[in-house]
Amino acid sequence: MTPISRKRWLILSTVHARNDTRIVLKEARSLSRISGDLTLAFADGLGDSCTDFGVPIHDLRVKKGSRILRAIMGNVRAYRFAREGGYGVVHFHDPELLVTGLLLRWKGHVVIYDVHEDVPGDILTKDWIPGMLRRPISFLVDRMETFCDRQLSAIVAATPTIARRFSPGKTVVVQNFPIEQELESEFSWSGKRTEISYIGGMSAQRGLRELVQAMALTRSAVRLNLGGSFQPKEFEGELGRLGGWDKVSPLGFLSRPEVKAVLARSMAGLVTLHPVPTFLASLPIKMFEYMSAGLPVIASDFPLWREIIEGNDCGLCVDPLDPQAIADAIDHLVEHPEVARRMGENGRKAVVERYNWAVEEKKLIALYERLPGGGKSDSMADIAQ
């Protein structure tokens with residue numbers, strides 16, 4: 001086993017894909033600029049490879065199976081790889097890896113838990129978990145995160161709301177804002193197609209049923225682009241039986257260049273998630289990516305989202321459970337292209353000034369520089385202060 005070195009850093013996930021935007025394109029790319037020994041590890045079965053910015057990717061080689069079996073084997077393989085590799089700093093991204101994180105911390109590693117969502121709240125919305133088990137599991141996960149909060153070296157939270165669940169002395173908020181120029185397009189507004197777009201996971205609670213129903217109520221000859229995967233897969237068949245499906249273009253999973261191309265030709269981006277607790281306080285990356293691409297946003301009328309959308313005059317807020325309200329907002333932007341263009345420009349300006357990854361990566365890099373051996377402090381008490 002390689003001796004533990006605080007200069008060796010490992011970013012670890014057994015759930016996310018190796019092209020995950022937050023983990024790879026943002027955090028790993030940013031950290032690679034200050035580390036000469038950074039490794040990524042995933043459990044996707046795609047073999048070992050390397051990112052386009054030179055960071056090696058290790059495949060943990062977890063065989064496909066039930067969720068429970070994959071979680072168990074993912075923890076075993078992740079722990080073994082981190083220990084055998086002597087990675088002094090382990091930055092993991094899945095609640096499924098909390099046990100691994102604790103064991104590594106107790107073995108002397110610096111361990112960072114990156115919390116993407118309100119996990120206990122999110123469990124209450126998981127259709128694959130039997131209804132009678134959701135609250136007990138949510139409670140147990142909440143207790144586990146609270147215990148780990150006291151044990152782990154630092155917490156990276158994706159939103160201020162998530163951060164409030166953890167100790168302020170060791171928690172850093174690193175929001176999942178867009179890379180400023182990634183989705184910027186020179187496509188002129190006059191060349192836009194009569195299209196609107198939704199990019200992301202597609203499920204009932206993410207408002208896809210109401211979006212398709214809204215398309216049947218629109219006056220304009222507008223089409224809806226859907227980029228992403230249906231959750232579950234059978235959900236696409238259910239949507240296909242709705243009245244507005246003939247005005248929908250299901251595009252499947254899109255690469256980042258393909259996302260840019262679709263948004264470049266669209267007149268608006270939609271993020272009409274249902275008002276469930278885990279969404280009400282979230283800051284969905286898709287909303288900011290639409291703004292980054294210069295599109296007006298049609299968003300759920302949640303207080304936090306309304307503050308952003310109306311505060312920057314970059315879109316319209318609607319009742320996500322009301323297909324007619326969604327249809328009216330779509331028609332308004334399609335029938336008033338100058339209004340849509342102005343709102344898109346306002347959103348783009350807000351991203352350039354505030355809601356971009358360049359601002360957030362400074363917080364992440366500052367955290368790493370304060371880690372023991374990171375160059376500015378050797379005291380664990382200084383982490384994330």
# chains A, B, ... in the order shown; residues from 1 in each chain; ligands from 1

call {"tool": "residues_around", "arguments": {"residues": "Leu333 of chain A", "least_positions_apart": "6", "cutoff": "8 Å", "atoms": "only C-alpha atoms", "output": "list in words"}}
result
Met267, Ala268, Val339 and Ala340 of chain A

call {"tool": "write_last_selection", "arguments": {"atoms": "C-alpha atoms", "output": "CSV table (one decimal), in the first residue's frame"}}
result
chain,number,residue,atom,x,y,z
A,267,MET,CA,-36.4,31.0,-27.8
A,268,ALA,CA,-36.7,30.0,-24.1
A,339,VAL,CA,-39.2,40.9,-24.9
A,340,ALA,CA,-37.7,37.4,-25.0

call {"tool": "closest_atom_pairs", "arguments": {"of": "segment 180-213 of chain A", "to": "segment 226-238 of chain A", "cutoff": "12 Å", "atoms": "only C-alpha atoms", "output": "tab-separated table"}}
result
residue	atom	partner	partner_atom	distance
A:Glu195	CA	A:Leu226	CA	10.6
A:Ile196	CA	A:Leu226	CA	8.9
A:Ser197	CA	A:Leu226	CA	6.1
A:Tyr198	CA	A:Leu226	CA	5.1
A:Ile199	CA	A:Gly227	CA	4.6
A:Gly200	CA	A:Gly228	CA	5.0
A:Gly201	CA	A:Gly228	CA	5.5
A:Met202	CA	A:Phe230	CA	4.7
A:Ser203	CA	A:Gln231	CA	5.1
A:Ala204	CA	A:Phe235	CA	8.0
A:Gln205	CA	A:Gln231	CA	10.0
A:Arg206	CA	A:Gln231	CA	9.9
A:Gly207	CA	A:Gln231	CA	11.9
A:Leu208	CA	A:Leu226	CA	9.3
A:Arg209	CA	A:Glu238	CA	8.7
A:Leu211	CA	A:Leu226	CA	10.1
A:Val212	CA	A:Leu226	CA	10.1
A:Gln213	CA	A:Glu238	CA	11.8

call {"tool": "residues_around", "arguments": {"residues": "Asn312 of chain A", "least_positions_apart": "5", "cutoff": "10 Å", "atoms": "only C-alpha atoms", "output": "PDB file with N, CA and C atoms, in the first residue's frame"}}
result
ATOM      1  N   ARG A 306     -38.241  33.060  -7.928  1.00  0.00           N
ATOM      2  CA  ARG A 306     -38.852  34.327  -8.341  1.00  0.00           C
ATOM      3  C   ARG A 306     -37.912  35.493  -8.048  1.00  0.00           C
ATOM      4  N   GLU A 307     -37.214  35.416  -6.931  1.00  0.00           N
ATOM      5  CA  GLU A 307     -36.267  36.474  -6.580  1.00  0.00           C
ATOM      6  C   GLU A 307     -35.176  36.607  -7.634  1.00  0.00           C
ATOM      7  N   MET A 343     -34.985  39.796 -22.187  1.00  0.00           N
ATOM      8  CA  MET A 343     -34.880  38.977 -20.982  1.00  0.00           C
ATOM      9  C   MET A 343     -33.674  38.045 -21.070  1.00  0.00           C
ATOM     10  N   ASN A 346     -30.613  40.001 -20.312  1.00  0.00           N
ATOM     11  CA  ASN A 346     -30.520  40.278 -18.884  1.00  0.00           C
ATOM     12  C   ASN A 346     -30.006  39.066 -18.112  1.00  0.00           C
ATOM     13  N   GLY A 347     -30.489  37.878 -18.488  1.00  0.00           N
ATOM     14  CA  GLY A 347     -30.024  36.668 -17.824  1.00  0.00           C
ATOM     15  C   GLY A 347     -28.556  36.417 -18.074  1.00  0.00           C
ATOM     16  N   ARG A 348     -28.136  36.629 -19.306  1.00  0.00           N
ATOM     17  CA  ARG A 348     -26.723  36.454 -19.653  1.00  0.00           C
ATOM     18  C   ARG A 348     -25.845  37.423 -18.846  1.00  0.00           C
ATOM     19  N   LYS A 349     -26.288  38.648 -18.703  1.00  0.00           N
ATOM     20  CA  LYS A 349     -25.544  39.640 -17.929  1.00  0.00           C
ATOM     21  C   LYS A 349     -25.427  39.216 -16.468  1.00  0.00           C
ATOM     22  N   ALA A 350     -26.518  38.663 -15.899  1.00  0.00           N
ATOM     23  CA  ALA A 350     -26.497  38.227 -14.497  1.00  0.00           C
ATOM     24  C   ALA A 350     -25.504  37.096 -14.291  1.00  0.00           C
TER      25      ALA A 350
END

call {"tool": "select_by_dssp", "arguments": {"residues": "segment 299-385 of chain A", "states": "strand (DSSP E or B)", "output": "VMD selection string"}}
result
chain A and resid 299 to 300 315 to 318

call {"tool": "write_last_selection", "arguments": {"atoms": "N, CA and C atoms", "output": "short mmCIF file (atom, residue, chain, number, x, y, z; two decimals), in the first residue's frame"}}
result
data_model
loop_
_atom_site.label_atom_id
_atom_site.label_comp_id
_atom_site.auth_asym_id
_atom_site.auth_seq_id
_atom_site.Cartn_x
_atom_site.Cartn_y
_atom_site.Cartn_z
N ALA A 299 -40.00 29.54 -15.35
CA ALA A 299 -39.64 28.78 -14.15
C ALA A 299 -40.81 28.68 -13.19
N SER A 300 -40.74 27.69 -12.31
CA SER A 300 -41.74 27.53 -11.25
C SER A 300 -41.74 28.77 -10.36
N GLY A 315 -37.00 36.42 -17.22
CA GLY A 315 -37.93 35.37 -17.55
C GLY A 315 -39.27 35.56 -16.89
N LEU A 316 -40.06 34.48 -16.86
CA LEU A 316 -41.41 34.49 -16.32
C LEU A 316 -41.57 33.35 -15.32
N CYS A 317 -42.27 33.60 -14.24
CA CYS A 317 -42.55 32.57 -13.24
C CYS A 317 -44.02 32.17 -13.34
N VAL A 318 -44.27 30.87 -13.26
CA VAL A 318 -45.62 30.34 -13.45
C VAL A 318 -45.90 29.27 -12.40
#

call {"tool": "closest_residue", "arguments": {"among": "A:Ala41, A:Val259, A:Leu103, A:Leu273", "to": "Pro320 of chain A", "atoms": "only C-alpha atoms"}}
result
A:Leu273

call {"tool": "atom_distance", "arguments": {"atom1": "atom CA of Pro120 of chain A", "atom2": "atom CA of Ile137 of chain A"}}
result
7.9 Å

call {"tool": "residues_around", "arguments": {"residues": "Leu97 of chain A", "least_positions_apart": "3", "cutoff": "8 Å", "atoms": "only C-alpha atoms", "output": "list in words"}}
result
Ser13, Thr14, Ala71, Gly74, Asn75, Phe92, His93, Asp94, Thr100 and Gly101 of chain A

call {"tool": "residues_around", "arguments": {"residues": "Gly86 of chain A", "least_positions_apart": "5", "cutoff": "10 Å", "atoms": "only C-alpha atoms", "output": "ChimeraX atom specification"}}
result
/A:1-10,80-81,109

call {"tool": "residues_around", "arguments": {"residues": "segment 162-168 of chain A", "least_positions_apart": "4", "cutoff": "10 Å", "atoms": "only C-alpha atoms", "output": "number ranges by chain"}}
result
A: 115-119, 142, 145-146, 148-150, 154-158, 172-174, 278, 281-282, 384-385

call {"tool": "closest_residue", "arguments": {"among": "A:Ala221, A:Ala78, A:Leu60, A:Val89", "to": "Asp37 of chain A", "atoms": "only C-alpha atoms"}}
result
A:Val89

call {"tool": "residues_around", "arguments": {"residues": "Asn176 of chain A", "least_positions_apart": "5", "cutoff": "10 Å", "atoms": "only C-alpha atoms", "output": "PyMOL selection string"}}
result
chain A and resi 21-23+26-27+116+157-159+283-286+288+355-357+360-361

call {"tool": "write_last_selection", "arguments": {"atoms": "N, CA and C atoms", "output": "PDB file, in the first residue's frame"}}
result
ATOM      1  N   THR A  21     -21.029  17.185 -15.041  1.00  0.00           N
ATOM      2  CA  THR A  21     -20.597  18.574 -15.219  1.00  0.00           C
ATOM      3  C   THR A  21     -19.968  19.140 -13.946  1.00  0.00           C
ATOM      4  N   ARG A  22     -20.631  18.988 -12.800  1.00  0.00           N
ATOM      5  CA  ARG A  22     -20.095  19.566 -11.557  1.00  0.00           C
ATOM      6  C   ARG A  22     -18.790  18.878 -11.145  1.00  0.00           C
ATOM      7  N   ILE A  23     -18.785  17.554 -11.162  1.00  0.00           N
ATOM      8  CA  ILE A  23     -17.638  16.811 -10.646  1.00  0.00           C
ATOM      9  C   ILE A  23     -16.420  16.958 -11.544  1.00  0.00           C
ATOM     10  N   LYS A  26     -16.168  20.996 -13.888  1.00  0.00           N
ATOM     11  CA  LYS A  26     -15.951  22.162 -13.026  1.00  0.00           C
ATOM     12  C   LYS A  26     -14.917  21.864 -11.942  1.00  0.00           C
ATOM     13  N   GLU A  27     -15.261  21.027 -10.970  1.00  0.00           N
ATOM     14  CA  GLU A  27     -14.388  20.857  -9.820  1.00  0.00           C
ATOM     15  C   GLU A  27     -13.046  20.219 -10.180  1.00  0.00           C
ATOM     16  N   HIS A 116     -24.678  17.461  -3.019  1.00  0.00           N
ATOM     17  CA  HIS A 116     -25.324  18.072  -4.172  1.00  0.00           C
ATOM     18  C   HIS A 116     -26.766  18.465  -3.904  1.00  0.00           C
ATOM     19  N   ALA A 157     -21.097  22.240   0.103  1.00  0.00           N
ATOM     20  CA  ALA A 157     -22.539  22.241  -0.136  1.00  0.00           C
ATOM     21  C   ALA A 157     -22.859  22.988  -1.424  1.00  0.00           C
ATOM     22  N   ALA A 158     -23.792  22.432  -2.207  1.00  0.00           N
ATOM     23  CA  ALA A 158     -24.114  23.015  -3.505  1.00  0.00           C
ATOM     24  C   ALA A 158     -25.014  24.235  -3.415  1.00  0.00           C
ATOM     25  N   THR A 159     -25.693  24.422  -2.278  1.00  0.00           N
ATOM     26  CA  THR A 159     -26.550  25.599  -2.101  1.00  0.00           C
ATOM     27  C   THR A 159     -26.467  26.081  -0.656  1.00  0.00           C
ATOM     28  N   LEU A 283     -31.316  25.243  -6.366  1.00  0.00           N
ATOM     29  CA  LEU A 283     -30.885  26.188  -7.403  1.00  0.00           C
ATOM     30  C   LEU A 283     -30.494  25.356  -8.623  1.00  0.00           C
ATOM     31  N   PRO A 284     -31.469  24.972  -9.450  1.00  0.00           N
ATOM     32  CA  PRO A 284     -31.202  24.036 -10.551  1.00  0.00           C
ATOM     33  C   PRO A 284     -30.233  24.618 -11.569  1.00  0.00           C
ATOM     34  N   ILE A 285     -29.223  23.839 -11.911  1.00  0.00           N
ATOM     35  CA  ILE A 285     -28.203  24.305 -12.851  1.00  0.00           C
ATOM     36  C   ILE A 285     -28.825  24.652 -14.194  1.00  0.00           C
ATOM     37  N   LYS A 286     -29.895  23.927 -14.578  1.00  0.00           N
ATOM     38  CA  LYS A 286     -30.478  24.198 -15.893  1.00  0.00           C
ATOM     39  C   LYS A 286     -30.992  25.629 -16.003  1.00  0.00           C
ATOM     40  N   PHE A 288     -29.722  28.340 -14.654  1.00  0.00           N
ATOM     41  CA  PHE A 288     -28.597  29.233 -14.894  1.00  0.00           C
ATOM     42  C   PHE A 288     -27.932  28.963 -16.247  1.00  0.00           C
ATOM     43  N   TYR A 355     -23.548  34.772 -11.358  1.00  0.00           N
ATOM     44  CA  TYR A 355     -23.882  33.352 -11.296  1.00  0.00           C
ATOM     45  C   TYR A 355     -22.984  32.531 -12.224  1.00  0.00           C
ATOM     46  N   ASN A 356     -21.676  32.493 -11.966  1.00  0.00           N
ATOM     47  CA  ASN A 356     -20.774  31.754 -12.849  1.00  0.00           C
ATOM     48  C   ASN A 356     -19.751  30.969 -12.045  1.00  0.00           C
ATOM     49  N   TRP A 357     -19.174  29.952 -12.673  1.00  0.00           N
ATOM     50  CA  TRP A 357     -18.262  29.039 -11.991  1.00  0.00           C
ATOM     51  C   TRP A 357     -16.965  29.728 -11.571  1.00  0.00           C
ATOM     52  N   GLU A 360     -17.293  30.646  -8.077  1.00  0.00           N
ATOM     53  CA  GLU A 360     -17.412  29.519  -7.152  1.00  0.00           C
ATOM     54  C   GLU A 360     -16.108  28.739  -7.006  1.00  0.00           C
ATOM     55  N   GLU A 361     -15.339  28.613  -8.093  1.00  0.00           N
ATOM     56  CA  GLU A 361     -14.116  27.815  -8.013  1.00  0.00           C
ATOM     57  C   GLU A 361     -13.104  28.430  -7.054  1.00  0.00           C
TER      58      GLU A 361
END

call {"tool": "atom_distance", "arguments": {"atom1": "atom CA of Lys247 of chain A", "atom2": "atom CA of Thr218 of chain A"}}
result
9.8 Å

call {"tool": "atom_distance", "arguments": {"atom1": "atom CA of Ala28 of chain A", "atom2": "atom CA of Glu184 of chain A"}}
result
21.7 Å

call {"tool": "closest_residue", "arguments": {"among": "A:Leu270, A:Ile309, A:Leu183, A:Val334", "to": "Arg219 of chain A", "atoms": "only C-alpha atoms"}}
result
A:Val334

call {"tool": "select_by_dssp", "arguments": {"residues": "segment 221-275 of chain A", "states": "alpha helix (DSSP H)", "output": "MDAnalysis selection string"}}
result
chainID A and resid 235:240 256:264

call {"tool": "write_last_selection", "arguments": {"atoms": "N, CA and C atoms", "output": "CSV table (one decimal), in the first residue's frame"}}
result
chain,number,residue,atom,x,y,z
A,235,PHE,N,-41.9,6.2,-18.6
A,235,PHE,CA,-42.6,7.5,-18.5
A,235,PHE,C,-42.7,8.2,-19.9
A,236,GLU,N,-41.8,7.9,-20.8
A,236,GLU,CA,-41.9,8.4,-22.2
A,236,GLU,C,-43.2,7.9,-22.9
A,237,GLY,N,-43.6,6.6,-22.7
A,237,GLY,CA,-44.8,6.1,-23.2
A,237,GLY,C,-46.0,6.8,-22.7
A,238,GLU,N,-46.0,7.1,-21.4
A,238,GLU,CA,-47.1,7.8,-20.8
A,238,GLU,C,-47.3,9.2,-21.4
A,239,LEU,N,-46.2,9.9,-21.5
A,239,LEU,CA,-46.2,11.3,-22.1
A,239,LEU,C,-46.7,11.2,-23.6
A,240,GLY,N,-46.3,10.1,-24.3
A,240,GLY,CA,-46.6,10.0,-25.7
A,240,GLY,C,-48.1,9.9,-25.9
A,256,ARG,N,-22.4,18.0,-24.2
A,256,ARG,CA,-22.4,19.4,-23.9
A,256,ARG,C,-22.4,20.2,-25.2
A,257,PRO,N,-21.7,19.9,-26.3
A,257,PRO,CA,-21.8,20.6,-27.5
A,257,PRO,C,-23.2,20.6,-28.1
A,258,GLU,N,-23.9,19.4,-27.9
A,258,GLU,CA,-25.3,19.3,-28.4
A,258,GLU,C,-26.2,20.2,-27.6
A,259,VAL,N,-26.0,20.2,-26.3
A,259,VAL,CA,-26.8,21.1,-25.5
A,259,VAL,C,-26.7,22.6,-26.0
A,260,LYS,N,-25.4,23.0,-26.2
A,260,LYS,CA,-25.2,24.3,-26.7
A,260,LYS,C,-25.9,24.6,-28.0
A,261,ALA,N,-25.9,23.6,-28.9
A,261,ALA,CA,-26.5,23.8,-30.2
A,261,ALA,C,-28.1,23.9,-30.1
A,262,VAL,N,-28.6,23.1,-29.2
A,262,VAL,CA,-30.1,23.1,-29.0
A,262,VAL,C,-30.5,24.5,-28.4
A,263,LEU,N,-29.8,24.9,-27.4
A,263,LEU,CA,-30.2,26.2,-26.7
A,263,LEU,C,-30.0,27.3,-27.7
A,264,ALA,N,-29.0,27.3,-28.5
A,264,ALA,CA,-28.7,28.4,-29.4
A,264,ALA,C,-29.8,28.7,-30.4
